[in-house]
Structure formats: structure tokens, C-alpha cells
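Student: What follows is upload-v4.txt; its format and atoms are compact mmCIF, C-alpha atoms.
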# COMPACT_ATOMS: atom_id res chain seq x y z
CA MET W 1 -2.08 -27.76 -0.61
CA LYS W 2 -1.75 -24.01 -1.15
CA PHE W 3 -0.46 -21.62 1.49
CA GLU W 4 -0.23 -17.86 1.85
CA VAL W 5 2.82 -16.84 3.86
CA PHE W 6 3.34 -13.40 5.36
CA ILE W 7 6.64 -12.09 6.65
CA THR W 8 6.47 -8.86 8.61
CA LEU W 9 8.96 -6.83 10.59
CA LYS W 10 8.53 -7.13 14.34
CA LYS W 11 6.61 -4.20 15.82
CA GLU W 12 9.65 -2.74 17.57
CA VAL W 13 11.77 -2.76 14.39
CA LEU W 14 11.89 0.44 12.36
CA ASP W 15 10.69 0.19 8.75
CA PRO W 16 12.47 2.84 6.64
CA GLN W 17 10.99 1.45 3.42
CA GLY W 18 7.49 1.86 4.82
CA LYS W 19 8.34 5.43 5.85
CA ALA W 20 9.60 6.15 2.33
CA ILE W 21 6.30 4.87 0.91
CA GLU W 22 4.35 7.08 3.34
CA ASN W 23 6.33 10.10 2.15
CA ALA W 24 5.96 9.15 -1.50
CA LEU W 25 2.19 8.81 -1.13
CA GLY W 26 2.12 12.25 0.50
CA SER W 27 4.13 13.71 -2.39
CA LEU W 28 1.63 12.20 -4.82
CA GLY W 29 -1.12 14.12 -3.04
CA ILE W 30 -2.75 11.06 -1.49
CA GLN W 31 -3.98 12.19 1.91
CA GLY W 32 -5.14 10.26 4.95
CA ILE W 33 -2.28 7.75 5.10
CA GLU W 34 -1.26 7.36 8.74
CA THR W 35 1.35 4.58 8.62
CA VAL W 36 2.67 2.10 6.08
CA ARG W 37 4.68 -0.98 6.95
CA GLN W 38 6.05 -3.23 4.27
CA GLY W 39 6.33 -6.99 4.41
CA LYS W 40 6.73 -9.96 2.14
CA TYR W 41 4.13 -12.28 0.77
CA PHE W 42 4.59 -15.74 -0.69
CA SER W 43 2.14 -18.07 -2.33
CA ILE W 44 3.48 -21.59 -1.85
CA VAL W 45 2.07 -24.85 -3.21
CA ILE W 46 3.10 -27.92 -1.23
CA ASP W 47 2.97 -31.40 -2.72
CA GLU W 48 1.50 -32.99 0.41
CA LYS W 49 -2.14 -33.73 1.21
CA GLU W 50 -1.80 -34.16 4.95
CA LYS W 51 -2.33 -30.80 6.66
CA ASN W 52 0.13 -31.31 9.53
CA LYS W 53 2.96 -32.43 7.25
CA ALA W 54 2.34 -29.59 4.80
CA GLU W 55 2.33 -27.03 7.62
CA LYS W 56 5.59 -28.45 8.92
CA ILE W 57 7.23 -27.97 5.51
CA VAL W 58 6.05 -24.35 5.32
CA LYS W 59 7.24 -23.68 8.87
CA THR W 60 10.68 -25.09 8.07
CA ALA W 61 10.86 -22.99 4.88
CA CYS W 62 10.03 -19.85 6.90
CA GLN W 63 12.57 -20.59 9.61
CA LYS W 64 15.41 -21.66 7.32
CA LEU W 65 15.03 -19.25 4.42
CA LEU W 66 12.09 -16.89 4.14
CA ALA W 67 12.12 -15.07 7.48
CA ASN W 68 14.94 -13.56 9.48
CA GLU W 69 13.57 -14.30 12.92
CA THR W 70 15.83 -11.79 14.60
CA ILE W 71 13.81 -8.92 13.16
CA GLU W 72 10.90 -10.59 11.36
CA GLU W 73 7.83 -12.64 12.18
CA TYR W 74 6.09 -15.11 9.94
CA SER W 75 2.55 -16.36 9.72
CA PHE W 76 0.74 -18.49 7.18
CA LYS W 77 -2.65 -19.83 6.32
CA ILE W 78 -4.00 -22.54 4.07
CA VAL W 79 -5.84 -21.22 1.04
CA LYS W 80 -7.04 -24.55 -0.37
CA MET S 81 -8.87 1.91 9.76
CA LYS S 82 -6.24 -0.74 9.13
CA PHE S 83 -5.78 -2.49 5.80
CA GLU S 84 -3.72 -5.40 4.55
CA VAL S 85 -2.67 -4.92 0.95
CA PHE S 86 -1.34 -7.69 -1.28
CA ILE S 87 0.46 -7.13 -4.56
CA THR S 88 1.01 -10.23 -6.67
CA LEU S 89 2.34 -10.86 -10.14
CA LYS S 90 -0.35 -11.69 -12.68
CA LYS S 91 -0.64 -15.43 -13.30
CA GLU S 92 0.81 -15.25 -16.79
CA VAL S 93 3.90 -13.33 -15.64
CA LEU S 94 7.03 -15.36 -14.89
CA ASP S 95 8.41 -15.01 -11.36
CA PRO S 96 12.18 -15.65 -11.42
CA GLN S 97 12.52 -14.68 -7.76
CA GLY S 98 9.95 -17.31 -6.78
CA LYS S 99 11.84 -19.87 -8.88
CA ALA S 100 15.09 -18.95 -7.12
CA ILE S 101 13.40 -19.50 -3.75
CA GLU S 102 12.08 -22.89 -4.91
CA ASN S 103 15.63 -23.91 -5.86
CA ALA S 104 17.12 -22.54 -2.64
CA LEU S 105 14.59 -24.51 -0.56
CA GLY S 106 15.52 -27.64 -2.53
CA SER S 107 19.22 -27.00 -1.87
CA LEU S 108 18.46 -26.68 1.84
CA GLY S 109 16.96 -30.16 1.73
CA ILE S 110 13.37 -29.00 2.20
CA GLN S 111 11.27 -31.36 0.11
CA GLY S 112 7.68 -31.16 -1.06
CA ILE S 113 7.73 -27.58 -2.38
CA GLU S 114 5.86 -27.48 -5.68
CA THR S 115 5.80 -23.78 -6.56
CA VAL S 116 6.67 -20.50 -4.87
CA ARG S 117 5.50 -17.11 -6.07
CA GLN S 118 6.60 -13.95 -4.35
CA GLY S 119 4.53 -10.87 -3.79
CA LYS S 120 4.47 -7.78 -1.65
CA TYR S 121 2.52 -7.12 1.49
CA PHE S 122 1.70 -3.78 3.09
CA SER S 123 0.01 -2.97 6.34
CA ILE S 124 -1.55 0.47 5.96
CA VAL S 125 -3.35 2.55 8.56
CA ILE S 126 -5.75 5.13 7.12
CA ASP S 127 -6.88 8.14 9.10
CA GLU S 128 -10.51 7.85 7.98
CA LYS S 129 -13.43 6.18 9.73
CA GLU S 130 -15.76 5.90 6.76
CA LYS S 131 -15.17 2.56 5.04
CA ASN S 132 -15.84 3.73 1.47
CA LYS S 133 -13.54 6.72 1.75
CA ALA S 134 -10.77 4.67 3.35
CA GLU S 135 -11.04 2.03 0.63
CA LYS S 136 -10.83 4.71 -2.01
CA ILE S 137 -7.57 6.03 -0.51
CA VAL S 138 -6.04 2.54 -0.45
CA LYS S 139 -7.15 1.88 -4.03
CA THR S 140 -5.57 5.13 -5.20
CA ALA S 141 -2.33 4.27 -3.35
CA CYS S 142 -2.23 0.87 -5.09
CA GLN S 143 -2.89 2.32 -8.53
CA LYS S 144 -0.55 5.28 -8.27
CA LEU S 145 2.38 3.81 -6.37
CA LEU S 146 2.26 0.33 -4.90
CA ALA S 147 1.29 -1.83 -7.87
CA ASN S 148 2.50 -1.87 -11.44
CA GLU S 149 -0.77 -2.81 -13.06
CA THR S 150 0.89 -3.92 -16.29
CA ILE S 151 2.27 -7.01 -14.58
CA GLU S 152 0.80 -6.95 -11.09
CA GLU S 153 -2.57 -7.25 -9.38
CA TYR S 154 -3.57 -5.80 -6.06
CA SER S 155 -6.10 -6.77 -3.46
CA PHE S 156 -6.78 -5.55 0.04
CA LYS S 157 -8.91 -6.23 3.06
CA ILE S 158 -9.82 -4.35 6.20
CA VAL S 159 -8.25 -5.79 9.33
CA LYS S 160 -9.99 -3.54 11.86
Would you mind giving the structure from this file in C-alpha cells?
Tutor:
Amino acid sequence: MKFEVFITLKKEVLDPQGKAIENALGSLGIQGIETVRQGKYFSIVIDEKEKNKAEKIVKTACQKLLANETIEEYSFKIVK
Amino acid sequence: MKFEVFITLKKEVLDPQGKAIENALGSLGIQGIETVRQGKYFSIVIDEKEKNKAEKIVKTACQKLLANETIEEYSFKIVK
């Protein structure tokens, strides 16, 4: 079962890397960019056919390793 | 107009960071992980109401800054 996992900074957390990208895009002459926020993306294949069990594995992976829940949020969806 | 942008390594490109995450998850005792591939995720707000124009801005940003098209692919979708 294949998952797409997204890790994003919580709304109230500043994103200096996103700000740097905004500025860089401005310097490159690309206009119309209002805000950029950066996150992480993972494509994860789980060796488990049962949806509930597979989701539990992904959730554990997010909580234990992929996301820092103090400042980040995670979400995921099944691709196939 | 808000976009979600995904940058992923091309299929044929090795992803050592993804491999490291696979191993780390194994070390943490999380079983059932087959493969992990890491990518980047951006949430971008464009100050443009016309869909075509907004998409063009995002595409330019991907090509000029966000993605390295030699080894990476980009995709995006409108969130709202």
C-alpha cells in the first residue's frame, strides 16, 4: 500500500526557509508570489494489505521519526 | 490562489536520504516499511485570480528555483 506523507510547520511557527524562497523568487524577477511555506514530503510503500494496519504503521513512523510534533503537523493519504 | 507544490526525485535517481529513513525506522522497531522516498513540499500563495496566469507563475518558480530538473520532477495542484 502506497502513502503520501506531508509534514508541515504549524501555522503559528515562523518559516525562515520559506521567506528566503519568497525573496529569492523576487530576486529572480518572478512576481505575484504572496507567501511560500516549505514542508517535507515522503512517498512510503508499506508491506501490508489491510488499510487500518498500514495507516497505523505510517502514523507511528510520523510520530516517532518523521515529524517533530512540537512545531510540525503531519498528514497522509493512500495513493494506491 | 493557493497551490501545493511537490518536488520528487526522478524514479531512476537513487535516494540515499530515503534509504537512511528506511533504516532508521527499522532501528526504531517499526516493521512493514518497504520503501521510503523523500521529496519537498511547498505551499505557495499567488496574488493572481486568473488560474492560467497563477499556474504559469508557479511553473516558472519550479523551473527557475524550486526543482532541479536534471534529477527532479515537479507537480502542483490548486488547493483553493
Student: Could you produce a table of the residues of chain S lying within 9 Å of chain W, with the nearest pair of atoms per residue and their separation in Å rounded to one decimal, using only C-alpha atoms, ordered by chain and increasing residue number, as a tab-separated table?
Tutor:
residue	atom	partner	partner_atom	distance
S:Phe86	CA	W:Tyr41	CA	7.4
S:Ile87	CA	W:Tyr41	CA	8.3
S:Thr88	CA	W:Tyr41	CA	8.3
S:Gly98	CA	W:Phe42	CA	8.3
S:Ile101	CA	W:Leu65	CA	8.3
S:Ala104	CA	W:Leu65	CA	8.1
S:Leu105	CA	W:Ala61	CA	6.8
S:Leu108	CA	W:Lys64	CA	8.0
S:Ile110	CA	W:Ala61	CA	7.0
S:Gln111	CA	W:Ile57	CA	7.5
S:Gly112	CA	W:Asp47	CA	5.0
S:Ile113	CA	W:Ile46	CA	4.8
S:Glu114	CA	W:Val45	CA	5.2
S:Thr115	CA	W:Val45	CA	5.1
S:Val116	CA	W:Ile44	CA	4.5
S:Arg117	CA	W:Ser43	CA	5.1
S:Gln118	CA	W:Phe42	CA	4.5
S:Gly119	CA	W:Tyr41	CA	4.8
S:Lys120	CA	W:Lys40	CA	4.9
S:Tyr121	CA	W:Gly39	CA	4.8
S:Phe122	CA	W:Gln38	CA	4.5
S:Ser123	CA	W:Arg37	CA	5.1
S:Ile124	CA	W:Val36	CA	4.5
S:Val125	CA	W:Thr35	CA	5.1
S:Ile126	CA	W:Ile33	CA	4.8
S:Asp127	CA	W:Gly32	CA	5.0
S:Glu128	CA	W:Gly32	CA	6.6
S:Ala134	CA	W:Gly32	CA	8.1
S:Ile137	CA	W:Ile30	CA	7.0
S:Val138	CA	W:Ile33	CA	8.5
S:Thr140	CA	W:Ile30	CA	7.5
S:Ala141	CA	W:Leu25	CA	6.8
S:Lys144	CA	W:Leu28	CA	8.0
S:Leu145	CA	W:Leu25	CA	7.2
S:Leu146	CA	W:Ile21	CA	8.4
Student: What separation in Å, quoted to one decimal, exists between CA of Tyr154 (chain S) and CA of Lys19 (chain W)?
Tutor: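 Computed distance, CA of Tyr154 (chain S) to CA of Lys19 (chain W), equals 20.2 Å.
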Student: Could you work out how far CA of Phe76 (chain W) lies from CA of Lys51 (chain W), giving the answer in Å with one decimal?
Tutor: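 Separating CA of Lys51 (chain W) from CA of Phe76 (chain W) is a distance of 12.7 Å.
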Student: Write out as a ChimeraX atom specification which residues come within 10 Å of Thr150 (chain S) when counting all atoms listed in the file, dropping same-chain ones fewer than 3 positions away.
Tutor: /S:89-90,93,147,153
Student: Between CA of Gln97 (chain S) and CA of Val159 (chain S), measure the distance and give it in Å to one decimal.
Tutor: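 Distance reported for this atom pair: 28.3 Å.
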Student: Taking N, CA and C atoms as the atom set, what does region 30-51 of chain W look like once completed, written as a PDB file, in the coordinates of the input?
Tutor:
ATOM      1  N   ILE W  30      -1.781  11.980  -2.082  1.00  0.00           N
ATOM      2  CA  ILE W  30      -2.750  11.060  -1.490  1.00  0.00           C
ATOM      3  C   ILE W  30      -2.780  11.306   0.020  1.00  0.00           C
ATOM      4  N   GLN W  31      -3.903  11.817   0.503  1.00  0.00           N
ATOM      5  CA  GLN W  31      -3.980  12.190   1.910  1.00  0.00           C
ATOM      6  C   GLN W  31      -4.708  11.140   2.734  1.00  0.00           C
ATOM      7  N   GLY W  32      -4.427  11.155   4.035  1.00  0.00           N
ATOM      8  CA  GLY W  32      -5.140  10.260   4.950  1.00  0.00           C
ATOM      9  C   GLY W  32      -4.352   9.017   5.305  1.00  0.00           C
ATOM     10  N   ILE W  33      -3.129   8.897   4.774  1.00  0.00           N
ATOM     11  CA  ILE W  33      -2.280   7.750   5.100  1.00  0.00           C
ATOM     12  C   ILE W  33      -1.622   8.018   6.463  1.00  0.00           C
ATOM     13  N   GLU W  34      -1.832   7.146   7.419  1.00  0.00           N
ATOM     14  CA  GLU W  34      -1.260   7.360   8.740  1.00  0.00           C
ATOM     15  C   GLU W  34       0.093   6.635   8.829  1.00  0.00           C
ATOM     16  N   THR W  35       0.093   5.324   8.646  1.00  0.00           N
ATOM     17  CA  THR W  35       1.350   4.580   8.620  1.00  0.00           C
ATOM     18  C   THR W  35       1.313   3.490   7.549  1.00  0.00           C
ATOM     19  N   VAL W  36       2.515   3.198   7.023  1.00  0.00           N
ATOM     20  CA  VAL W  36       2.670   2.100   6.080  1.00  0.00           C
ATOM     21  C   VAL W  36       3.811   1.235   6.588  1.00  0.00           C
ATOM     22  N   ARG W  37       3.584  -0.060   6.648  1.00  0.00           N
ATOM     23  CA  ARG W  37       4.680  -0.980   6.950  1.00  0.00           C
ATOM     24  C   ARG W  37       4.712  -2.038   5.861  1.00  0.00           C
ATOM     25  N   GLN W  38       5.944  -2.295   5.379  1.00  0.00           N
ATOM     26  CA  GLN W  38       6.050  -3.230   4.270  1.00  0.00           C
ATOM     27  C   GLN W  38       6.444  -4.617   4.768  1.00  0.00           C
ATOM     28  N   GLY W  39       5.947  -5.623   4.106  1.00  0.00           N
ATOM     29  CA  GLY W  39       6.330  -6.990   4.410  1.00  0.00           C
ATOM     30  C   GLY W  39       6.490  -7.796   3.143  1.00  0.00           C
ATOM     31  N   LYS W  40       6.619  -9.096   3.299  1.00  0.00           N
ATOM     32  CA  LYS W  40       6.730  -9.960   2.140  1.00  0.00           C
ATOM     33  C   LYS W  40       5.569 -10.943   2.131  1.00  0.00           C
ATOM     34  N   TYR W  41       5.239 -11.362   0.939  1.00  0.00           N
ATOM     35  CA  TYR W  41       4.130 -12.280   0.770  1.00  0.00           C
ATOM     36  C   TYR W  41       4.559 -13.383  -0.173  1.00  0.00           C
ATOM     37  N   PHE W  42       4.268 -14.611   0.190  1.00  0.00           N
ATOM     38  CA  PHE W  42       4.590 -15.740  -0.690  1.00  0.00           C
ATOM     39  C   PHE W  42       3.360 -16.615  -0.853  1.00  0.00           C
ATOM     40  N   SER W  43       3.156 -17.057  -2.081  1.00  0.00           N
ATOM     41  CA  SER W  43       2.140 -18.070  -2.330  1.00  0.00           C
ATOM     42  C   SER W  43       2.896 -19.363  -2.609  1.00  0.00           C
ATOM     43  N   ILE W  44       2.695 -20.356  -1.763  1.00  0.00           N
ATOM     44  CA  ILE W  44       3.480 -21.590  -1.850  1.00  0.00           C
ATOM     45  C   ILE W  44       2.554 -22.789  -2.008  1.00  0.00           C
ATOM     46  N   VAL W  45       2.828 -23.607  -3.027  1.00  0.00           N
ATOM     47  CA  VAL W  45       2.070 -24.850  -3.210  1.00  0.00           C
ATOM     48  C   VAL W  45       2.934 -26.007  -2.727  1.00  0.00           C
ATOM     49  N   ILE W  46       2.385 -26.788  -1.809  1.00  0.00           N
ATOM     50  CA  ILE W  46       3.100 -27.920  -1.230  1.00  0.00           C
ATOM     51  C   ILE W  46       2.508 -29.215  -1.774  1.00  0.00           C
ATOM     52  N   ASP W  47       3.390 -30.108  -2.171  1.00  0.00           N
ATOM     53  CA  ASP W  47       2.970 -31.400  -2.720  1.00  0.00           C
ATOM     54  C   ASP W  47       2.775 -32.382  -1.567  1.00  0.00           C
ATOM     55  N   GLU W  48       1.722 -32.181  -0.805  1.00  0.00           N
ATOM     56  CA  GLU W  48       1.500 -32.990   0.410  1.00  0.00           C
ATOM     57  C   GLU W  48       0.039 -32.777   0.811  1.00  0.00           C
ATOM     58  N   LYS W  49      -0.710 -33.872   0.931  1.00  0.00           N
ATOM     59  CA  LYS W  49      -2.140 -33.730   1.210  1.00  0.00           C
ATOM     60  C   LYS W  49      -2.450 -33.644   2.703  1.00  0.00           C
ATOM     61  N   GLU W  50      -1.552 -34.165   3.518  1.00  0.00           N
ATOM     62  CA  GLU W  50      -1.800 -34.160   4.950  1.00  0.00           C
ATOM     63  C   GLU W  50      -1.471 -32.778   5.530  1.00  0.00           C
ATOM     64  N   LYS W  51      -2.449 -32.185   6.194  1.00  0.00           N
ATOM     65  CA  LYS W  51      -2.330 -30.800   6.660  1.00  0.00           C
ATOM     66  C   LYS W  51      -1.119 -30.598   7.572  1.00  0.00           C
TER      67      LYS W  51
END
